[in-house]
file model33.txt (compact mmCIF, C-alpha atoms)
# COMPACT_ATOMS: atom_id res chain seq x y z
CA MET A 681 0.00 0.00 0.00
CA SER A 682 1.40 3.44 -0.89
CA PHE A 683 0.83 6.70 0.94
CA PHE A 684 -1.75 7.53 -1.71
CA ASP A 685 -3.74 4.32 -1.49
CA ILE A 686 -5.19 4.91 1.91
CA SER A 687 -8.88 5.68 1.53
CA SER A 688 -9.45 7.64 4.71
CA PRO A 689 -7.58 8.81 7.78
CA GLN A 690 -9.49 6.22 9.77
CA ALA A 691 -8.45 3.47 7.37
CA ALA A 692 -4.84 4.58 7.52
CA ARG A 693 -4.94 4.69 11.27
CA ARG A 694 -6.50 1.21 11.45
CA LEU A 695 -3.96 -0.10 8.99
CA PHE A 696 -0.92 1.25 10.77
CA VAL A 697 -2.09 0.74 14.31
CA GLY A 698 -3.35 -2.70 13.44
CA ARG A 699 -0.15 -3.77 11.79
CA THR A 700 2.45 -2.11 13.91
CA GLY A 701 0.96 -0.38 16.88
CA LEU A 702 2.67 2.77 15.68
CA LEU A 703 0.13 5.41 16.45
CA LEU A 704 2.42 8.26 15.38
CA SER A 705 3.13 6.77 11.97
CA GLY A 706 -0.51 5.88 11.47
CA ALA A 707 -1.70 9.36 12.31
CA ALA A 708 0.81 11.10 10.08
CA VAL A 709 0.34 8.78 7.16
CA ALA A 710 -3.39 9.22 7.56
CA MET A 711 -2.86 12.83 6.58
CA LEU A 712 -2.05 11.53 3.11
CA ALA A 713 -5.46 9.98 2.69
CA GLY A 714 -6.90 10.12 -0.80
CA ASN A 715 -4.01 12.01 -2.33
CA ASP A 716 -3.79 10.35 -5.75
CA ALA A 717 -4.90 13.62 -7.31
CA LEU A 718 -2.36 15.55 -5.29
CA ALA A 719 0.34 13.18 -6.41
CA ALA A 720 -0.64 13.53 -10.02
CA LYS A 721 -0.59 17.32 -10.00
CA SER A 722 2.51 17.87 -7.92
CA GLY A 723 4.12 19.11 -11.15
CA SER A 724 7.70 20.26 -11.17
CA GLY A 725 8.23 19.09 -7.61
CA LYS A 726 7.37 15.50 -8.50
CA ALA A 727 10.79 14.51 -9.83
CA GLY A 728 12.37 16.03 -6.76
CA ASP A 729 9.97 14.22 -4.46
CA ILE A 730 10.71 10.92 -6.21
CA GLN A 731 14.44 11.53 -5.70
CA ILE A 732 13.97 12.34 -2.01
CA LEU A 733 11.83 9.22 -1.50
CA ASN A 734 14.34 7.07 -3.38
CA THR A 735 17.26 8.35 -1.33
CA ALA A 736 15.28 7.60 1.82
CA LEU A 737 14.39 4.18 0.44
CA GLY A 738 18.06 3.40 -0.19
CA ALA A 739 18.87 4.24 3.42
CA GLU A 740 15.93 2.18 4.72
CA LEU A 741 17.03 -0.84 2.68
CA GLU A 742 20.51 -0.51 4.10
CA ALA A 743 19.10 -0.27 7.64
CA ILE A 744 17.16 -3.51 7.05
CA ALA A 745 20.39 -5.20 5.99
CA ALA A 746 22.25 -3.75 8.98
CA TYR A 747 19.68 -5.12 11.43
CA GLN A 748 19.83 -8.47 9.63
CA LEU A 749 23.57 -8.48 10.15
CA GLY A 750 23.04 -7.69 13.83
CA ALA A 751 20.37 -10.35 14.24
CA GLU A 752 22.54 -13.02 12.62
CA SER A 753 25.72 -11.98 14.42
CA LYS A 754 24.95 -14.13 17.49
CA LEU A 755 26.14 -11.13 19.50
CA LEU A 756 22.64 -9.99 20.50
CA GLN A 757 20.92 -11.56 23.47
CA LYS A 758 17.22 -11.44 24.23
CA PRO A 759 15.49 -9.04 24.75
CA VAL A 760 17.88 -6.88 22.69
CA LEU A 761 17.60 -9.33 19.82
CA ASP A 762 13.81 -8.96 19.82
CA LEU A 763 14.23 -5.19 19.81
CA ALA A 764 16.49 -5.36 16.75
CA VAL A 765 14.02 -7.57 14.91
CA THR A 766 11.16 -5.22 15.80
CA PHE A 767 13.08 -2.18 14.57
CA GLN A 768 14.05 -4.02 11.40
CA GLY A 769 10.33 -4.66 10.87
CA HIS A 770 9.65 -0.93 11.11
CA HIS A 771 12.33 -0.23 8.51
CA LYS A 772 10.76 -2.86 6.26
CA GLU A 773 7.42 -1.07 6.58
CA HIS A 774 9.06 2.28 5.82
CA ALA A 775 10.79 0.80 2.76
CA ASP A 776 7.60 -0.82 1.55
CA VAL A 777 5.54 2.35 1.74
CA LEU A 778 8.35 4.47 0.23
CA ALA A 779 8.78 2.08 -2.71
CA LYS A 780 5.06 1.99 -3.41
CA THR A 781 4.82 5.76 -3.24
CA VAL A 782 7.72 6.17 -5.66
CA THR A 783 5.91 3.84 -8.05
CA LYS A 784 2.64 5.71 -7.56
CA LEU A 785 4.41 8.96 -8.47
CA GLY A 786 5.68 7.39 -11.69
CA GLY A 787 9.22 6.67 -10.56
CA THR A 788 11.26 3.52 -10.23
CA PRO A 789 12.09 2.55 -6.68
CA VAL A 790 15.71 1.75 -5.96
CA SER A 791 16.48 -1.85 -5.08
CA ALA A 792 18.50 -3.25 -2.22
CA LYS A 793 22.17 -3.69 -3.01
CA ALA A 794 23.41 -7.22 -3.51
CA LYS A 795 26.01 -6.58 -0.82
CA TYR A 796 26.50 -3.92 1.84
CA ASP A 797 29.89 -2.94 3.14
CA PHE A 798 29.39 -2.88 6.92
CA PRO A 799 32.27 -2.60 9.41
CA VAL A 800 31.87 -6.21 10.58
CA ASP A 801 35.43 -6.36 11.91
CA GLN A 802 34.49 -3.66 14.45
CA LEU A 803 31.42 -5.53 15.75
CA LYS A 804 32.64 -7.83 18.49
CA SER A 805 30.02 -7.45 21.23
CA GLN A 806 26.37 -6.63 21.76
CA ALA A 807 27.37 -3.09 22.72
CA ASP A 808 29.28 -2.68 19.44
CA VAL A 809 26.19 -3.73 17.47
CA LEU A 810 23.95 -1.41 19.49
CA LYS A 811 26.34 1.53 19.02
CA PHE A 812 26.50 0.85 15.28
CA ALA A 813 22.70 0.71 15.05
CA ALA A 814 22.33 3.84 17.19
CA LYS A 815 24.63 5.81 14.89
CA LEU A 816 22.64 4.69 11.86
CA GLU A 817 19.36 5.65 13.51
CA GLN A 818 20.71 9.03 14.62
CA GLY A 819 21.96 9.66 11.11
CA ALA A 820 18.57 8.64 9.74
CA VAL A 821 16.83 11.18 11.94
CA SER A 822 19.16 13.89 10.63
CA ALA A 823 18.66 12.72 7.06
CA TYR A 824 14.87 12.88 7.33
CA LEU A 825 15.16 16.23 9.09
CA GLY A 826 17.17 17.48 6.12
CA ALA A 827 14.69 16.04 3.64
CA VAL A 828 11.41 17.22 5.15
CA PRO A 829 11.76 20.87 4.04
CA LEU A 830 12.57 19.82 0.48
CA PHE A 831 9.36 18.03 -0.47
CA GLY A 832 7.18 19.76 -3.03
CA ASN A 833 4.21 17.84 -1.70
CA ARG A 834 3.68 18.87 1.91
CA ASP A 835 1.78 15.67 2.68
CA LEU A 836 4.85 13.68 1.77
CA ALA A 837 6.80 15.94 4.13
CA LYS A 838 4.38 15.01 6.91
CA ALA A 839 4.79 11.32 6.13
CA ALA A 840 8.58 11.65 6.17
CA ALA A 841 8.30 13.41 9.52
CA SER A 842 6.27 10.45 10.76
CA ILE A 843 9.12 8.11 9.82
CA LEU A 844 11.57 10.53 11.44
CA GLY A 845 9.63 10.23 14.69
CA ASP A 846 9.80 6.45 14.59
CA GLU A 847 13.54 6.43 13.93
CA ALA A 848 14.13 8.95 16.72
CA MET A 849 12.38 6.50 19.05
CA HIS A 850 14.66 3.71 17.82
CA TRP A 851 17.68 5.89 18.54
CA ALA A 852 16.46 6.72 22.05
CA VAL A 853 15.72 3.10 22.91
CA LEU A 854 19.11 1.95 21.59
CA ARG A 855 20.82 4.61 23.70
CA GLN A 856 18.83 3.45 26.71
CA ALA A 857 19.92 -0.14 26.04
CA LEU A 858 23.52 1.09 25.99
CA GLY A 859 23.07 2.76 29.34
CA GLU A 860 23.27 6.24 27.83
CA ALA A 861 20.84 9.12 28.31
CA PRO A 862 18.06 8.16 25.90
CA VAL A 863 17.27 11.72 24.88
CA PRO A 864 20.46 13.71 25.17
CA ALA A 865 19.19 17.05 23.90
CA ALA A 866 16.04 19.05 23.35
CA PHE A 867 16.66 19.44 19.62
CA MET A 868 17.93 17.31 16.75
CA SER A 869 20.04 18.57 13.90
CA MET B 29 25.97 48.78 32.84
CA LYS B 30 23.96 48.49 29.67
CA ARG B 31 26.97 49.62 27.65
CA LEU B 32 29.17 47.03 29.39
CA LEU B 33 26.72 44.27 28.56
CA LEU B 34 26.67 45.35 24.94
CA ILE B 35 30.46 45.25 24.79
CA ILE B 36 30.52 41.78 26.35
CA ALA B 37 27.88 40.61 23.89
CA ALA B 38 29.85 42.03 20.97
CA VAL B 39 33.07 40.33 22.13
CA LEU B 40 31.29 36.99 22.58
CA CYS B 41 29.66 37.36 19.22
CA CYS B 42 32.86 38.17 17.35
CA THR B 43 34.98 35.63 19.19
CA ALA B 44 32.49 32.90 18.26
CA ALA B 45 32.22 34.11 14.69
CA HIS B 46 35.97 33.88 14.19
CA ALA B 47 36.57 30.65 16.10
CA ALA B 48 38.97 28.38 14.26
CA PRO B 49 37.46 25.31 12.61
CA ASP B 50 37.39 22.47 15.10
CA ALA B 51 37.70 18.91 13.82
CA ALA B 52 36.39 17.47 17.10
CA ARG B 53 33.20 19.48 16.76
CA GLY B 54 33.12 18.46 13.11
CA GLU B 55 33.20 14.79 14.08
CA GLN B 56 30.03 15.33 16.11
CA ILE B 57 28.40 17.06 13.16
CA TYR B 58 29.48 14.22 10.87
CA VAL B 59 27.09 11.94 12.76
CA ARG B 60 24.33 13.65 10.77
CA CYS B 61 25.83 12.16 7.62
CA LEU B 62 25.96 8.59 8.90
CA ALA B 63 22.61 7.45 7.56
CA CYS B 64 24.09 7.60 4.08
CA HIS B 65 27.86 8.04 4.29
CA ALA B 66 30.95 6.46 5.79
CA LEU B 67 34.58 7.41 5.53
CA ALA B 68 35.98 4.24 4.03
CA SER B 69 33.04 2.56 2.30
CA ASP B 70 30.37 3.41 -0.23
CA ARG B 71 26.87 3.37 1.14
CA VAL B 72 23.79 5.30 -0.03
CA GLY B 73 26.35 8.03 -0.62
CA PRO B 74 29.95 7.62 -1.71
CA ARG B 75 32.92 7.23 0.64
CA HIS B 76 34.59 10.33 2.03
CA CYS B 77 38.12 8.97 2.08
CA GLY B 78 39.95 10.49 -0.88
CA LEU B 79 37.45 13.33 -1.06
CA PHE B 80 39.81 16.30 -1.32
CA GLY B 81 40.93 16.82 -4.88
CA ARG B 82 38.50 14.20 -6.19
CA LYS B 83 36.26 15.00 -9.12
CA ALA B 84 32.60 14.78 -8.14
CA GLY B 85 30.92 11.61 -9.40
CA SER B 86 34.16 9.72 -9.86
CA VAL B 87 34.35 6.99 -7.19
CA PRO B 88 34.62 3.81 -9.26
CA GLY B 89 31.52 1.62 -9.10
CA PHE B 90 29.37 4.12 -7.24
CA ASN B 91 25.98 4.83 -8.78
CA TYR B 92 25.87 8.64 -8.92
CA SER B 93 23.02 10.80 -10.12
CA PRO B 94 23.53 12.10 -13.67
CA ALA B 95 23.53 15.62 -12.20
CA MET B 96 26.50 14.88 -9.96
CA LYS B 97 28.40 13.11 -12.73
CA LYS B 98 27.95 16.14 -14.97
CA SER B 99 28.64 18.77 -12.31
CA GLY B 100 32.33 19.24 -13.09
CA ILE B 101 33.02 19.93 -9.42
CA VAL B 102 36.36 19.13 -7.86
CA TRP B 103 36.01 18.78 -4.10
CA ASN B 104 38.00 21.17 -1.97
CA GLU B 105 37.25 23.35 1.05
CA LYS B 106 35.52 25.98 -1.06
CA THR B 107 33.35 23.67 -3.17
CA LEU B 108 32.46 21.53 -0.16
CA ASP B 109 31.42 24.61 1.80
CA LYS B 110 29.14 25.70 -1.02
CA PHE B 111 27.69 22.22 -1.57
CA LEU B 112 27.09 21.53 2.11
CA GLN B 113 25.29 24.83 2.49
CA SER B 114 22.64 23.73 0.02
CA PRO B 115 23.35 20.58 -2.00
CA LEU B 116 20.35 20.94 -4.28
CA LYS B 117 21.11 24.56 -5.09
CA MET B 118 24.64 23.75 -6.16
CA VAL B 119 23.78 20.50 -7.92
CA PRO B 120 20.09 20.41 -8.85
CA GLY B 121 19.13 16.77 -9.30
CA THR B 122 21.68 15.39 -6.85
CA ALA B 123 20.62 12.31 -4.93
CA MET B 124 21.81 14.05 -1.76
CA THR B 125 18.36 15.32 -0.94
CA TYR B 126 19.38 17.14 2.20
CA ASP B 127 18.50 20.71 3.07
CA GLY B 128 22.07 21.55 3.99
CA VAL B 129 24.20 22.68 6.89
CA THR B 130 23.19 26.32 7.14
CA ASP B 131 25.65 27.40 9.84
CA ALA B 132 28.99 28.46 8.32
CA GLY B 133 30.88 27.56 11.49
CA GLU B 134 29.42 24.06 11.49
CA ARG B 135 30.39 23.63 7.84
CA ALA B 136 33.94 24.74 8.62
CA ASP B 137 34.11 22.28 11.52
CA LEU B 138 32.74 19.48 9.37
CA ILE B 139 35.25 20.18 6.60
CA ALA B 140 38.06 20.33 9.19
CA TYR B 141 36.99 16.89 10.42
CA LEU B 142 36.86 15.47 6.91
CA LYS B 143 40.37 16.78 6.23
CA GLN B 144 41.67 15.31 9.48
CA ALA B 145 39.97 11.97 8.84
CA ASN B 146 41.36 11.85 5.32
CA ALA B 147 44.85 12.17 6.76
CA GLY B 148 44.18 9.52 9.40
CA PRO B 149 44.53 5.73 9.53
CA GLU B 150 40.93 4.95 8.55
CA CYS B 151 41.48 6.49 5.13
CA LYS B 152 44.89 4.99 4.50
CA GLY B 153 44.76 3.26 1.14
CA LYS B 154 41.02 3.97 0.69

call {"tool": "encode", "arguments": {"input": "model33.txt", "output": "C-alpha cells"}}
result
Amino acid sequence: MSFFDISSPQAARRLFVGRTGLLLSGAAVAMLAGNDALAAKSGSGKAGDIQILNTALGAELEAIAAYQLGAESKLLQKPVLDLAVTFQGHHKEHADVLAKTVTKLGGTPVSAKAKYDFPVDQLKSQADVLKFAAKLEQGAVSAYLGAVPLFGNRDLAKAAASILGDEAMHWAVLRQALGEAPVPAAFMS
Amino acid sequence: MKRLLLIIAAVLCCTAAHAAPDAARGEQIYVRCLACHALASDRVGPRHCGLFGRKAGSVPGFNYSPAMKKSGIVWNEKTLDKFLQSPLKMVPGTAMTYDGVTDAGERADLIAYLKQANAGPECKGK
C-alpha cells in the first residue's frame, strides 16, 4: 500500500495501528489519505519528491540489511535481539511504503544492493552492534530532518516526519539499552 | 551597565564568529551524515576517504546521479562549503536530498573533520 492508497484517515490509522501499533506513523500517514490527485498534480516538484523518496528508500534498505547483520551476528541476546528484529520490521514497513509511493508517483524505486559494506570487523560485542545501530538511527533522523523541508508535496513531508519520529524513538531506545541518556538534547540537527 | 553588557555581547559574538574550525566538533556534526555516508566505504552516498581533490561523481563503481556526474566539481574546502550549504542549489538533481548545513561555522568544523579523517589511519589506502 502506498501513501496515496489509503482511503481515509481512519483506514490509515486502522492499517498502521493494526499492523504495527505505531500510532504516530498511522496518524501522520493518515494525513495523506486520498491524495492520488495531489500526487498527479505535484508538477515540477514531482521529480524532486521521487528523488527524495528514493534516497530515503536506499537508506531504509541498508538499515534492514544492517539489522539483519546484527540479528545473525549471534552477538545480540534477548530481549535486545527482539528489539532489533522489531526495529528491522519498522524499517521494512518504511521501505515498503516508500517504494510503493515512488511507483505511484511514476518513478522507479531503488532496489537493495546485492552486498553492503558494513564494518563487521568492528562488531565484536552486543554493545558494538547497538552503538552501530544507534549511529545509523541518529543519522537517519538527521537525514529525514534534512529532507522534510525539500518536499514539493507537503503531505509527503508530513509522512517523512512520521518516519523521522519512529527512527528517533529507535535511537532513544538503543541509547537506553547502551546505558546512555536516551534523549540527550532538546533538539535534533 | 547596559553599555558594558553590549560590549561583552559584541566580544562573545565576534569571538564565536571567528573561532577556528574544530575537527572534534566536526566529528560530532558528521554523525548527521551517517545514515548515508561512511569514511571508508560506499553506502547510499559515496565514501569520504579520498574526497579532497577528487572529481565529483568519480568513485569507481558508485551509482551517482547524472547531475553529480555532470557537475564538473572538484572537491576542496571551497566547493564543499558551497555544496554543504545547500546541496540541491549547487547540484540540482543530486541524490543528496538534504536541506544543507546552514551554519557556516558548522560547515567549517565538518570540513576540518573530513580533512583530518582523510589524513588519518581509517582512510589509508582507501

call {"tool": "atom_distance", "arguments": {"input": "model33.txt", "atom1": "CA of Gly787 (chain A)", "atom2": "CA of Ser69 (chain B)"}}
result
27.4 Å

call {"tool": "closest_residue", "arguments": {"input": "model33.txt", "among": "B:Asp131, B:Asp70, B:Glu150, B:Asp137", "to": "Ala48 (chain B)", "atoms": "all atoms listed in the file"}}
result
B:Asp137

call {"tool": "interface_residues", "arguments": {"input": "model33.txt", "of": "chain A", "to": "chain B", "cutoff": "10 Å", "atoms": "all atoms listed in the file", "output": "ChimeraX atom specification"}}
result
/A:727-729,731-743,793,796-799,815-831,868-869

call {"tool": "closest_residue", "arguments": {"input": "model33.txt", "among": "B:Asn91, B:Val102, B:Leu108, B:Cys77", "to": "Ala147 (chain B)", "atoms": "all atoms listed in the file"}}
result
B:Cys77

call {"tool": "atom_distance", "arguments": {"input": "model33.txt", "atom1": "CA of Asp808 (chain A)", "atom2": "CA of Gly750 (chain A)"}}
result
9.8 Å

call {"tool": "residues_around", "arguments": {"input": "model33.txt", "residues": "Val760 (chain A)", "least_positions_apart": "4", "cutoff": "8 Å", "atoms": "only C-alpha atoms", "output": "list in words"}}
result
Leu756, Ala764 and Ala857 of chain A

call {"tool": "closest_residue", "arguments": {"input": "model33.txt", "among": "A:Ala807, A:Ala866, A:Leu836, A:Ala779", "to": "Lys726 (chain A)", "atoms": "all atoms listed in the file"}}
result
A:Leu836

call {"tool": "residues_near_point", "arguments": {"input": "model33.txt", "point": "(39.6, 21.5, 15.3)", "cutoff": "9 Å", "atoms": "only C-alpha atoms", "output": "count of residues only"}}
result
11

call {"tool": "atom_distance", "arguments": {"input": "model33.txt", "atom1": "CA of Ser791 (chain A)", "atom2": "CA of Leu844 (chain A)"}}
result
21.2 Å

call {"tool": "closest_residue", "arguments": {"input": "model33.txt", "among": "A:Ile730, A:Arg855, A:Glu773, A:Gln806", "to": "Thr788 (chain A)", "atoms": "all atoms listed in the file"}}
result
A:Ile730

call {"tool": "closest_residue", "arguments": {"input": "model33.txt", "among": "B:Gly148, B:Gly133, B:Pro74, B:Gly81", "to": "Ile101 (chain B)", "atoms": "all atoms listed in the file"}}
result
B:Gly81
